[in-house]
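Source file: structure31.txt; contents: compact mmCIF, C-alpha atoms and all ligand atoms.
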# COMPACT_ATOMS: atom_id res chain seq x y z
CA MET D 226 126.76 91.88 225.08
CA ARG D 227 129.71 91.12 227.31
CA SER D 228 133.36 91.85 226.37
CA THR D 229 132.35 94.68 224.08
CA ILE D 230 134.74 97.53 223.35
CA ARG D 231 133.11 100.89 222.77
CA LEU D 232 134.37 102.71 219.69
CA GLY D 233 132.46 105.96 219.94
CA LYS D 234 129.33 107.43 218.43
CA ILE D 235 128.27 107.78 214.81
CA PHE D 236 125.15 109.91 214.11
CA GLY D 237 124.71 109.88 217.88
CA ILE D 238 124.51 106.07 217.94
CA PRO D 239 127.05 104.29 220.19
CA VAL D 240 129.09 101.72 218.26
CA GLY D 241 130.87 98.83 219.95
CA ILE D 242 132.89 95.82 218.89
CA ASN D 243 132.56 92.46 220.59
CA ALA D 244 135.83 90.59 221.15
CA SER D 245 134.55 87.81 218.86
CA TRP D 246 134.63 90.23 215.93
CA PHE D 247 138.45 90.45 216.01
CA LEU D 248 138.56 86.73 215.35
CA VAL D 249 136.48 87.31 212.22
CA ILE D 250 138.57 90.21 210.98
CA VAL D 251 141.78 88.19 211.41
CA LEU D 252 140.20 85.18 209.69
CA ILE D 253 138.94 87.31 206.80
CA THR D 254 142.32 89.00 206.34
CA PHE D 255 144.04 85.59 206.23
CA LEU D 256 141.51 84.24 203.72
CA LEU D 257 141.77 87.32 201.49
CA GLU D 258 145.57 87.20 201.61
CA SER D 259 145.70 83.55 200.56
CA GLN D 260 143.15 84.27 197.81
CA PHE D 261 145.09 87.30 196.53
CA GLY D 262 148.29 85.22 196.67
CA LEU D 263 146.68 82.57 194.44
CA GLU D 264 145.09 85.01 191.99
CA PHE D 265 148.13 87.24 191.64
CA PRO D 266 151.22 85.05 191.82
CA ARG D 267 153.39 87.96 190.65
CA TRP D 268 152.50 89.99 193.72
CA GLY D 269 154.71 89.67 196.77
CA ALA D 270 153.59 89.33 200.39
CA ASP D 271 154.39 93.04 200.83
CA GLN D 272 151.48 93.72 198.47
CA THR D 273 148.97 90.99 199.29
CA TRP D 274 149.01 91.53 203.09
CA PRO D 275 148.33 95.30 203.09
CA LEU D 276 145.67 94.77 200.40
CA ALA D 277 144.01 92.02 202.45
CA GLY D 278 144.19 94.19 205.57
CA ILE D 279 142.60 97.20 203.85
CA THR D 280 139.88 95.06 202.26
CA GLY D 281 139.19 93.46 205.66
CA LEU D 282 138.81 96.86 207.32
CA LEU D 283 136.54 98.11 204.55
CA PHE D 284 134.45 94.95 204.98
CA PHE D 285 134.11 95.93 208.62
CA GLY D 286 133.00 99.38 207.41
CA SER D 287 130.40 97.74 205.13
CA VAL D 288 128.81 95.76 207.97
CA LEU D 289 128.80 98.90 210.11
CA ALA D 290 127.17 100.92 207.31
CA HIS D 291 124.45 98.21 207.02
CA GLU D 292 123.68 98.44 210.75
CA LEU D 293 123.79 102.25 210.68
CA ALA D 294 121.14 102.22 207.96
CA HIS D 295 118.78 100.25 210.27
CA SER D 296 119.59 102.49 213.23
CA VAL D 297 119.31 105.81 211.44
CA VAL D 298 115.91 104.86 209.96
CA ALA D 299 114.76 103.69 213.40
CA THR D 300 115.75 106.93 215.16
CA THR D 301 114.26 108.99 212.32
CA LEU D 302 110.96 107.16 212.81
CA GLY D 303 111.06 107.86 216.54
CA ILE D 304 112.36 104.53 217.83
CA PRO D 305 115.45 105.03 220.01
CA VAL D 306 118.54 102.91 219.32
CA ARG D 307 120.75 101.96 222.25
CA GLY D 308 123.72 101.10 220.08
CA ILE D 309 125.29 98.92 217.42
CA THR D 310 127.48 95.95 218.27
CA LEU D 311 129.60 94.10 215.76
CA PHE D 312 130.12 90.47 216.69
CA VAL D 313 131.16 87.16 215.18
CA PHE D 314 128.14 86.84 212.84
CA GLY D 315 128.04 90.46 211.71
CA GLY D 316 126.23 93.31 213.40
CA ILE D 317 123.29 93.88 215.71
CA SER D 318 121.40 97.13 216.12
CA ASN D 319 120.07 97.25 219.64
CA ILE D 320 116.73 98.93 219.03
CA ALA D 321 115.01 100.00 222.26
CA HIS D 322 111.63 98.47 221.49
CA GLU D 323 109.74 96.85 218.66
CA ALA D 324 107.97 99.04 216.13
CA HIS D 325 104.31 99.72 216.87
CA ARG D 326 103.29 99.76 213.22
CA PRO D 327 104.04 97.30 210.41
CA TRP D 328 105.33 99.92 207.97
CA VAL D 329 107.81 101.24 210.57
CA GLU D 330 109.17 97.74 211.09
CA PHE D 331 109.24 97.22 207.31
CA LEU D 332 111.27 100.39 206.69
CA ILE D 333 113.76 99.71 209.50
CA ALA D 334 114.27 96.11 208.34
CA ILE D 335 114.63 96.85 204.64
CA ALA D 336 117.04 99.80 205.13
CA GLY D 337 120.08 97.62 205.91
CA PRO D 338 119.91 95.26 202.91
CA MET D 339 118.98 98.14 200.58
CA LEU D 340 122.06 100.09 201.67
CA SER D 341 124.29 97.01 201.23
CA ILE D 342 122.89 96.35 197.75
CA ALA D 343 123.27 100.01 196.74
CA LEU D 344 126.82 100.10 198.10
CA GLY D 345 127.56 96.84 196.29
CA ALA D 346 126.21 98.24 193.01
CA ILE D 347 128.27 101.44 193.34
CA LEU D 348 131.44 99.46 194.09
CA MET D 349 130.79 97.16 191.14
CA GLY D 350 130.40 100.30 189.01
CA VAL D 351 133.75 101.57 190.28
CA ALA D 352 135.28 98.17 189.53
CA TYR D 353 133.84 98.28 186.01
CA ILE D 354 135.36 101.71 185.37
CA THR D 355 138.77 100.85 186.83
CA PHE D 356 138.93 97.37 185.25
CA ASP D 357 142.55 96.22 185.30
CA TRP D 358 143.74 93.00 186.92
CA ASN D 359 146.95 94.69 188.02
CA ASN D 360 145.17 97.59 189.67
CA ALA D 361 144.82 97.10 193.44
CA PHE D 362 141.96 99.62 193.49
CA TYR D 363 139.99 97.46 191.05
CA ILE D 364 140.57 94.31 193.13
CA VAL D 365 139.39 95.97 196.34
CA ALA D 366 136.30 97.51 194.66
CA LEU D 367 135.40 94.17 193.04
CA THR D 368 135.85 92.14 196.26
CA LEU D 369 133.87 94.61 198.38
CA GLY D 370 131.24 95.02 195.67
CA TRP D 371 130.50 91.29 195.72
CA THR D 372 130.66 91.15 199.50
CA ASN D 373 128.14 93.95 199.92
CA LEU D 374 125.77 92.46 197.34
CA ALA D 375 126.02 89.10 199.14
CA LEU D 376 125.46 90.79 202.51
CA GLY D 377 122.34 92.51 201.20
CA VAL D 378 120.87 89.44 199.49
CA PHE D 379 121.67 87.06 202.37
CA ASN D 380 119.98 89.35 204.87
CA LEU D 381 116.87 89.52 202.68
CA LEU D 382 116.26 85.77 203.09
CA PRO D 383 112.76 85.53 204.57
CA GLY D 384 113.45 84.01 207.97
CA PHE D 385 113.32 85.76 211.31
CA PRO D 386 115.60 87.16 212.80
CA LEU D 387 117.21 88.02 209.44
CA ASP D 388 116.11 91.34 207.96
CA GLY D 389 114.09 89.49 205.32
CA GLY D 390 112.27 87.69 208.13
CA ARG D 391 111.40 91.04 209.69
CA VAL D 392 110.14 92.26 206.32
CA LEU D 393 108.03 89.10 206.07
CA ARG D 394 106.69 89.68 209.58
CA ALA D 395 105.81 93.29 208.76
CA ILE D 396 103.91 92.16 205.64
CA ILE D 397 101.96 89.40 207.44
CA TRP D 398 101.34 91.77 210.33
CA SER D 399 99.93 94.48 208.06
CA ILE D 400 97.66 91.97 206.30
CA THR D 401 96.39 90.09 209.36
CA GLY D 402 96.76 92.82 211.98
CA ASN D 403 98.15 90.11 214.28
CA TYR D 404 101.69 90.85 215.41
CA ARG D 405 102.18 87.66 217.37
CA MET D 406 100.99 85.41 214.61
CA ALA D 407 103.22 87.28 212.14
CA THR D 408 106.22 86.81 214.44
CA SER D 409 105.59 83.13 214.89
CA ILE D 410 105.23 82.52 211.13
CA ALA D 411 108.42 84.52 210.38
CA ALA D 412 110.28 82.66 213.13
CA ARG D 413 109.14 79.30 211.71
CA PHE D 414 110.56 80.39 208.36
CA GLY D 415 113.77 81.29 210.22
CA GLN D 416 113.97 77.80 211.71
CA GLY D 417 113.35 76.31 208.28
CA LEU D 418 116.15 78.41 206.74
CA ALA D 419 118.47 77.37 209.56
CA VAL D 420 117.78 73.68 208.87
CA ILE D 421 118.52 74.24 205.16
CA PHE D 422 121.78 76.05 206.04
CA VAL D 423 122.98 73.37 208.41
CA SER D 424 122.12 70.37 206.25
CA GLY D 425 123.33 72.12 203.09
CA SER D 426 126.69 73.07 204.52
CA VAL D 427 127.29 69.64 206.05
CA LEU D 428 126.57 68.13 202.63
CA TRP D 429 128.86 70.69 201.01
CA PHE D 430 131.59 69.83 203.49
CA VAL D 431 131.22 66.09 202.82
CA VAL D 432 131.41 66.64 199.05
CA SER D 433 134.21 69.25 199.04
CA GLY D 434 136.15 68.12 202.10
CA GLU D 435 136.77 71.78 202.95
CA PRO D 436 136.32 72.41 206.68
CA LEU D 437 135.66 76.13 206.10
CA ARG D 438 132.26 75.20 204.65
CA LEU D 439 131.26 74.28 208.20
CA TRP D 440 131.20 77.98 209.01
CA VAL D 441 127.70 78.03 207.56
CA VAL D 442 126.68 75.40 210.15
CA LEU D 443 127.48 77.91 212.88
CA ILE D 444 125.44 80.60 211.12
CA GLY D 445 122.59 78.10 210.80
CA LEU D 446 122.74 77.19 214.48
CA PHE D 447 122.80 80.85 215.46
CA LEU D 448 119.78 81.51 213.25
CA PHE D 449 117.91 78.53 214.70
CA THR D 450 118.55 79.64 218.29
CA SER D 451 117.42 83.21 217.60
CA ALA D 452 114.30 82.07 215.74
CA SER D 453 113.43 79.67 218.57
CA THR D 454 113.91 82.42 221.17
CA ALA D 455 111.49 84.62 219.19
CA LEU D 456 108.93 81.79 219.13
CA LYS D 457 109.34 81.20 222.86
CA GLU D 458 108.84 84.90 223.54
CA VAL D 459 105.64 84.94 221.48
CA ARG D 460 104.32 81.94 223.43
CA GLN D 461 105.28 83.59 226.70
CA ARG D 462 103.48 86.76 225.72
CA ASP D 463 100.45 84.73 224.74
CA ARG D 464 100.46 83.08 228.15
CA TYR D 465 100.24 86.47 229.88
CA HIS D 466 97.58 87.82 227.58
CA GLY D 467 95.11 89.81 229.68
CA VAL D 468 97.47 90.26 232.64
CA THR D 469 98.05 93.91 233.54
CA ALA D 470 100.55 95.98 235.53
CA GLY D 471 97.83 96.54 238.13
CA GLN D 472 97.64 92.81 238.88
CA VAL D 473 101.41 92.44 239.17
CA SER D 474 101.89 95.51 241.35
CA GLU D 475 99.15 94.46 243.77
CA ASP D 476 100.83 94.09 247.21
CA SER D 477 104.20 94.22 245.48
CA CYS D 478 105.75 97.22 247.20
CA ILE D 479 104.38 97.89 250.67
CA ALA D 480 104.12 101.47 251.89
CA ILE D 481 106.43 102.67 254.64
CA GLU D 482 107.14 106.09 256.13
CA GLY D 483 110.23 107.91 254.81
CA ALA D 484 111.47 108.82 258.30
CA THR D 485 112.11 105.12 259.04
CA LEU D 486 115.80 104.35 259.54
CA VAL D 487 117.37 101.88 257.14
CA SER D 488 118.37 99.69 260.12
CA GLU D 489 114.73 99.64 261.34
CA LEU D 490 113.54 98.67 257.91
CA VAL D 491 115.87 95.72 257.51
CA GLU D 492 115.08 94.44 261.01
CA ARG D 493 111.32 94.46 260.55
CA LYS D 494 109.23 91.36 260.13
CA PHE D 495 108.36 91.89 256.46
CA MET D 496 111.98 91.45 255.45
CA GLU D 497 111.55 87.79 256.33
CA LYS D 498 108.80 87.64 253.72
CA SER D 499 111.47 88.67 251.22
CA GLN D 500 109.92 92.02 250.37
CA THR D 501 111.83 93.44 247.39
CA CYS D 502 110.68 97.04 247.19
CA PHE D 503 108.99 99.73 249.28
CA LEU D 504 106.76 102.64 248.46
CA VAL D 505 108.20 105.43 250.59
CA THR D 506 105.56 107.80 252.00
CA ASP D 507 105.60 111.15 253.76
CA GLY D 508 102.60 111.44 256.05
CA GLY D 509 100.89 108.75 253.98
CA ILE D 510 101.61 110.46 250.64
CA PRO D 511 103.90 108.51 248.29
CA GLY D 512 107.18 110.34 247.64
CA GLY D 513 109.46 107.69 246.20
CA VAL D 514 110.34 104.04 245.75
CA LEU D 515 113.08 102.05 247.43
CA PRO D 516 114.15 98.77 245.84
CA LEU D 517 116.73 96.54 247.56
CA GLN D 518 119.74 97.67 245.52
CA PRO D 519 120.32 101.09 247.20
CA ILE D 520 120.12 99.38 250.62
CA ARG D 521 122.72 96.89 249.46
CA ASP D 522 124.89 99.74 248.12
CA THR D 523 124.78 101.62 251.45
CA PRO D 524 127.56 100.60 253.88
CA LYS D 525 126.08 98.67 256.84
CA SER D 526 127.74 101.11 259.25
CA LEU D 527 125.42 103.86 257.94
CA TRP D 528 122.18 101.89 258.23
CA GLY D 529 121.57 103.20 261.76
CA ALA D 530 122.04 106.84 260.69
CA LEU D 531 120.22 107.08 257.33
CA ARG D 532 116.49 107.48 256.83
CA ILE D 533 115.03 105.53 253.94
CA GLU D 534 113.88 108.74 252.22
CA GLN D 535 117.57 109.63 251.90
CA ILE D 536 118.33 106.63 249.72
CA MET D 537 115.00 106.26 247.88
CA THR D 538 114.43 107.28 244.26
CA GLY D 539 112.01 110.19 243.99
CA LEU D 540 108.79 109.65 242.03
CA ASP D 541 109.78 112.24 239.38
CA ALA D 542 112.76 110.12 238.40
CA LEU D 543 110.70 106.96 237.85
CA PRO D 544 108.80 105.85 234.76
CA GLN D 545 105.03 105.64 235.15
CA LEU D 546 102.77 102.83 234.06
CA GLU D 547 99.01 102.56 234.16
CA THR D 548 97.24 99.73 236.00
CA THR D 549 95.91 98.73 232.58
CA THR D 550 99.40 98.46 230.97
CA PRO D 551 99.63 94.98 229.39
CA PHE D 552 102.12 92.51 230.84
CA ALA D 553 103.94 92.35 227.47
CA ASP D 554 104.90 96.03 227.87
CA LEU D 555 106.24 95.28 231.36
CA LEU D 556 108.41 92.54 229.86
CA ASP D 557 109.70 95.02 227.26
CA TYR D 558 110.50 97.59 229.91
CA PHE D 559 112.29 95.19 232.25
CA GLU D 560 114.32 93.66 229.42
CA ASP D 561 116.84 96.50 229.87
CA ASP D 562 120.06 95.98 231.74
CA ASN D 563 119.19 97.57 235.05
CA PRO D 564 115.92 99.46 234.79
CA PRO D 565 114.68 101.46 237.79
CA PRO D 566 111.37 100.37 239.34
CA ALA D 567 108.25 101.67 237.60
CA ILE D 568 105.37 103.29 239.45
CA VAL D 569 101.89 102.04 238.69
CA LEU D 570 99.14 104.65 238.55
CA LYS D 571 95.40 104.33 238.44
CA SER D 572 93.70 106.74 236.02
CA GLY D 573 96.98 108.66 235.77
CA ILE D 574 96.76 110.08 239.32
CA ASN D 575 96.57 107.57 242.14
CA ILE D 576 99.71 105.61 242.85
CA VAL D 577 98.71 102.04 243.55
CA GLY D 578 102.20 100.59 243.78
CA ALA D 579 105.47 99.98 242.03
CA VAL D 580 107.08 97.07 240.23
CA THR D 581 110.66 95.93 239.95
CA ARG D 582 112.15 93.23 237.76
CA ILE D 583 112.17 90.86 240.76
CA GLU D 584 108.36 91.16 241.09
CA ILE D 585 107.95 90.38 237.40
CA GLU D 586 110.10 87.28 237.70
CA ARG D 587 108.34 86.20 240.86
CA TYR D 588 104.94 86.65 239.24
CA MET D 589 106.02 84.57 236.26
CA ASN D 590 107.47 81.85 238.49
CA THR D 591 104.30 81.62 240.54
CA ARG D 592 102.15 81.31 237.42
CA GLN D 593 104.53 78.71 236.01
CA ASN D 594 104.43 76.69 239.24
CA LEU D 595 100.65 76.74 239.09
CA GLY D 596 100.82 75.53 235.51
CA MET D 597 99.08 78.67 234.27
ZN ZN D 601 120.40 94.01 208.77
What would you get if you wrote out this structure as structure tokens?
Amino acid sequence: MRSTIRLGKIFGIPVGINASWFLVIVLITFLLESQFGLEFPRWGADQTWPLAGITGLLFFGSVLAHELAHSVVATTLGIPVRGITLFVFGGISNIAHEAHRPWVEFLIAIAGPMLSIALGAILMGVAYITFDWNNAFYIVALTLGWTNLALGVFNLLPGFPLDGGRVLRAIIWSITGNYRMATSIAARFGQGLAVIFVSGSVLWFVVSGEPLRLWVVLIGLFLFTSASTALKEVRQRDRYHGVTAGQVSEDSCIAIEGATLVSELVERKFMEKSQTCFLVTDGGIPGGVLPLQPIRDTPKSLWGALRIEQIMTGLDALPQLETTTPFADLLDYFEDDNPPPAIVLKSGINIVGAVTRIEIERYMNTRQNLGM
């Protein structure tokens, strides 16, 4: 996500805040302050503002705790987490890839809401014990208790990409054994929820005349977009069912000797055919891969002096795929920000080629143009 400020790591998981989140925290502090001002007319601004500020920050902590619950369960179950980002609609755990088993997905998805509900229950307990309308501690515990309960329950609503939608997907997936069908059903539920949110909040706005109710419209639209993206992805994956890495890597990276100078390489005929990566060989034996980026990063004045083996990436540093690797896994791999090329092996030994993101996109474009 762009314009994200890194905060540091918690449990080894990088945490960042998107600029849009500051807008929310300011808005929430303002809302809380005006609410505290109404509820406690005897309190002065010197009391309501700090209280609103502290509650706002603790709310931020609650959303973070929710995301950490997802992330910690994911890493515990062996699924790496790239980081957590807090943004305008809450938090996102950037989990490296989808779970391979329904129960793993179920546990990761349910962890967040369960933590929020537990936290909410504890805070309500604290509020119960400290009950006193003049006690600031009680007010904060009560407000956060409700907020966490609401956060937990809202996220359990059964529509993808909400946590509840993921839980639903995991359940359908475990019953039918069909991941794609489960995703598409959960995403349809997500779209349905979004429609209910949008129409409900517009109606609410019309009846109450309060523009803040329209906030839910934005949440609904966000939900609808995410659910539709999930559906599109499922359809896309369906379209490439049966396609393998071997097919995509065929003639993708042509072999060229490592002693070739960079200047020679860029002047050769095949550059006109917009070749995007090369398999660098040493006496015919593959030693590395050279995509276009390192050539671009090398100053033109050095092109006549550098051999391509000096700017290639060695095979050891590159991820390996099998010719039989399904296209869906390629899509997963190349979803990352700037992934290195992957080498494609036959039977785990023979290198048949390499693929870069550009090849994947080109392959998809060609198929699309052919109406396949
Ligand atoms: Zn969640």
**Request:** Can you tell me which residues come within 10 Å of ligand ZN 601 (chain D) when counting only C-alpha atoms and all ligand atoms, ideally as a count of residues only?
**Result:** 32
**Message:** Between D:Ala277, D:Ile396, D:Val423, D:Ala412, which residue has the minimum interatomic distance to Ala361 in chain D, considering only C-alpha atoms?
**Reply:** D:Ala277
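Of note, CA of Ile279 in chain D and CA of Pro239 in chain D are spaced 23.6 Å apart.
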**Message:** Set the distance at 9 Å and use only C-alpha atoms: which residues neighbour Thr506 in chain D once local chain neighbours fewer than 2 positions away are removed? I'd like the list as a list in words.
**Reply:** Ala480, Ile481, Glu482, Gly483, Ala484, Leu504, Gly508, Gly509, Ile510, Pro511, Gly512, Gly513, Val514 and Glu534 of chain D
**Interatomic distance (Å, one decimal) between CA of Tyr363 in chain D and CA of Pro266 in chain D** = 16.8 Å
**Residues within 7 Å of (108.4, 97.2, 247.2), counting only C-alpha atoms, listed as an NGL selection string** = :D and (477-479 or 500-504 or 515-516 or 579)
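CA of Gln472 in chain D to CA of Ile520 in chain D spans 26.2 Å [interatomic distance, one decimal].
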Report as a compact mmCIF listing (two decimals) with C-alpha atoms, in the frame of the given file all protein, DNA and RNA residues lying within 12 Å of Lys525 in chain D, evaluated on only C-alpha atoms, omitting residues in the same chain fewer than 6 positions from it.
# COMPACT_ATOMS: atom_id res chain seq x y z
CA VAL D 487 117.37 101.88 257.14
CA SER D 488 118.37 99.69 260.12
CA VAL D 491 115.87 95.72 257.51
CA PRO D 519 120.32 101.09 247.20
CA LEU D 531 120.22 107.08 257.33
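Across D:Leu570, D:Leu257, D:Met589, D:Leu486, the tightest approach to Thr280 in chain D is made by D:Leu257 when counting only C-alpha atoms.
Nearest-residue note for Ile250 in chain D: choosing from D:Phe236, D:Phe362, D:Phe284, D:Phe265, the minimum distance belongs to D:Phe284, counting only C-alpha atoms.
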**Selection near range 450-458 of chain D, 12 Å with only C-alpha atoms, sequence-local residues under 6 positions removed, as number ranges by chain** = D: 383-387, 390-391, 394, 405-420, 443-444, 464-465, 553, 556-557, 560
Selection above as a file: C-alpha atoms, as an mmCIF file, in the coordinates of the input:
data_model
loop_
_atom_site.group_PDB
_atom_site.id
_atom_site.type_symbol
_atom_site.label_atom_id
_atom_site.label_comp_id
_atom_site.auth_asym_id
_atom_site.auth_seq_id
_atom_site.Cartn_x
_atom_site.Cartn_y
_atom_site.Cartn_z
ATOM 1 C CA PRO D 383 112.760 85.530 204.570
ATOM 2 C CA GLY D 384 113.450 84.010 207.970
ATOM 3 C CA PHE D 385 113.320 85.760 211.310
ATOM 4 C CA PRO D 386 115.600 87.160 212.800
ATOM 5 C CA LEU D 387 117.210 88.020 209.440
ATOM 6 C CA GLY D 390 112.270 87.690 208.130
ATOM 7 C CA ARG D 391 111.400 91.040 209.690
ATOM 8 C CA ARG D 394 106.690 89.680 209.580
ATOM 9 C CA ARG D 405 102.180 87.660 217.370
ATOM 10 C CA MET D 406 100.990 85.410 214.610
ATOM 11 C CA ALA D 407 103.220 87.280 212.140
ATOM 12 C CA THR D 408 106.220 86.810 214.440
ATOM 13 C CA SER D 409 105.590 83.130 214.890
ATOM 14 C CA ILE D 410 105.230 82.520 211.130
ATOM 15 C CA ALA D 411 108.420 84.520 210.380
ATOM 16 C CA ALA D 412 110.280 82.660 213.130
ATOM 17 C CA ARG D 413 109.140 79.300 211.710
ATOM 18 C CA PHE D 414 110.560 80.390 208.360
ATOM 19 C CA GLY D 415 113.770 81.290 210.220
ATOM 20 C CA GLN D 416 113.970 77.800 211.710
ATOM 21 C CA GLY D 417 113.350 76.310 208.280
ATOM 22 C CA LEU D 418 116.150 78.410 206.740
ATOM 23 C CA ALA D 419 118.470 77.370 209.560
ATOM 24 C CA VAL D 420 117.780 73.680 208.870
ATOM 25 C CA LEU D 443 127.480 77.910 212.880
ATOM 26 C CA ILE D 444 125.440 80.600 211.120
ATOM 27 C CA ARG D 464 100.460 83.080 228.150
ATOM 28 C CA TYR D 465 100.240 86.470 229.880
ATOM 29 C CA ALA D 553 103.940 92.350 227.470
ATOM 30 C CA LEU D 556 108.410 92.540 229.860
ATOM 31 C CA ASP D 557 109.700 95.020 227.260
ATOM 32 C CA GLU D 560 114.320 93.660 229.420
#
Can you tell me, as a PDB file with C-alpha atoms, in the frame of the given file, what residues are no more than 10 Å from Ile576 in chain D when counting all atoms listed in the file, ignoring any on the same chain fewer than 2 positions away?
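So the final result, stored in out10.pdb, reads:
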ATOM      1  CA  LEU D 504     106.760 102.640 248.460  1.00  0.00           C
ATOM      2  CA  ILE D 510     101.610 110.460 250.640  1.00  0.00           C
ATOM      3  CA  PRO D 511     103.900 108.510 248.290  1.00  0.00           C
ATOM      4  CA  LEU D 540     108.790 109.650 242.030  1.00  0.00           C
ATOM      5  CA  GLN D 545     105.030 105.640 235.150  1.00  0.00           C
ATOM      6  CA  LEU D 546     102.770 102.830 234.060  1.00  0.00           C
ATOM      7  CA  GLU D 547      99.010 102.560 234.160  1.00  0.00           C
ATOM      8  CA  THR D 548      97.240  99.730 236.000  1.00  0.00           C
ATOM      9  CA  ILE D 568     105.370 103.290 239.450  1.00  0.00           C
ATOM     10  CA  VAL D 569     101.890 102.040 238.690  1.00  0.00           C
ATOM     11  CA  LEU D 570      99.140 104.650 238.550  1.00  0.00           C
ATOM     12  CA  LYS D 571      95.400 104.330 238.440  1.00  0.00           C
ATOM     13  CA  SER D 572      93.700 106.740 236.020  1.00  0.00           C
ATOM     14  CA  GLY D 573      96.980 108.660 235.770  1.00  0.00           C
ATOM     15  CA  ILE D 574      96.760 110.080 239.320  1.00  0.00           C
ATOM     16  CA  GLY D 578     102.200 100.590 243.780  1.00  0.00           C
ATOM     17  CA  ALA D 579     105.470  99.980 242.030  1.00  0.00           C
TER      18      ALA D 579
END
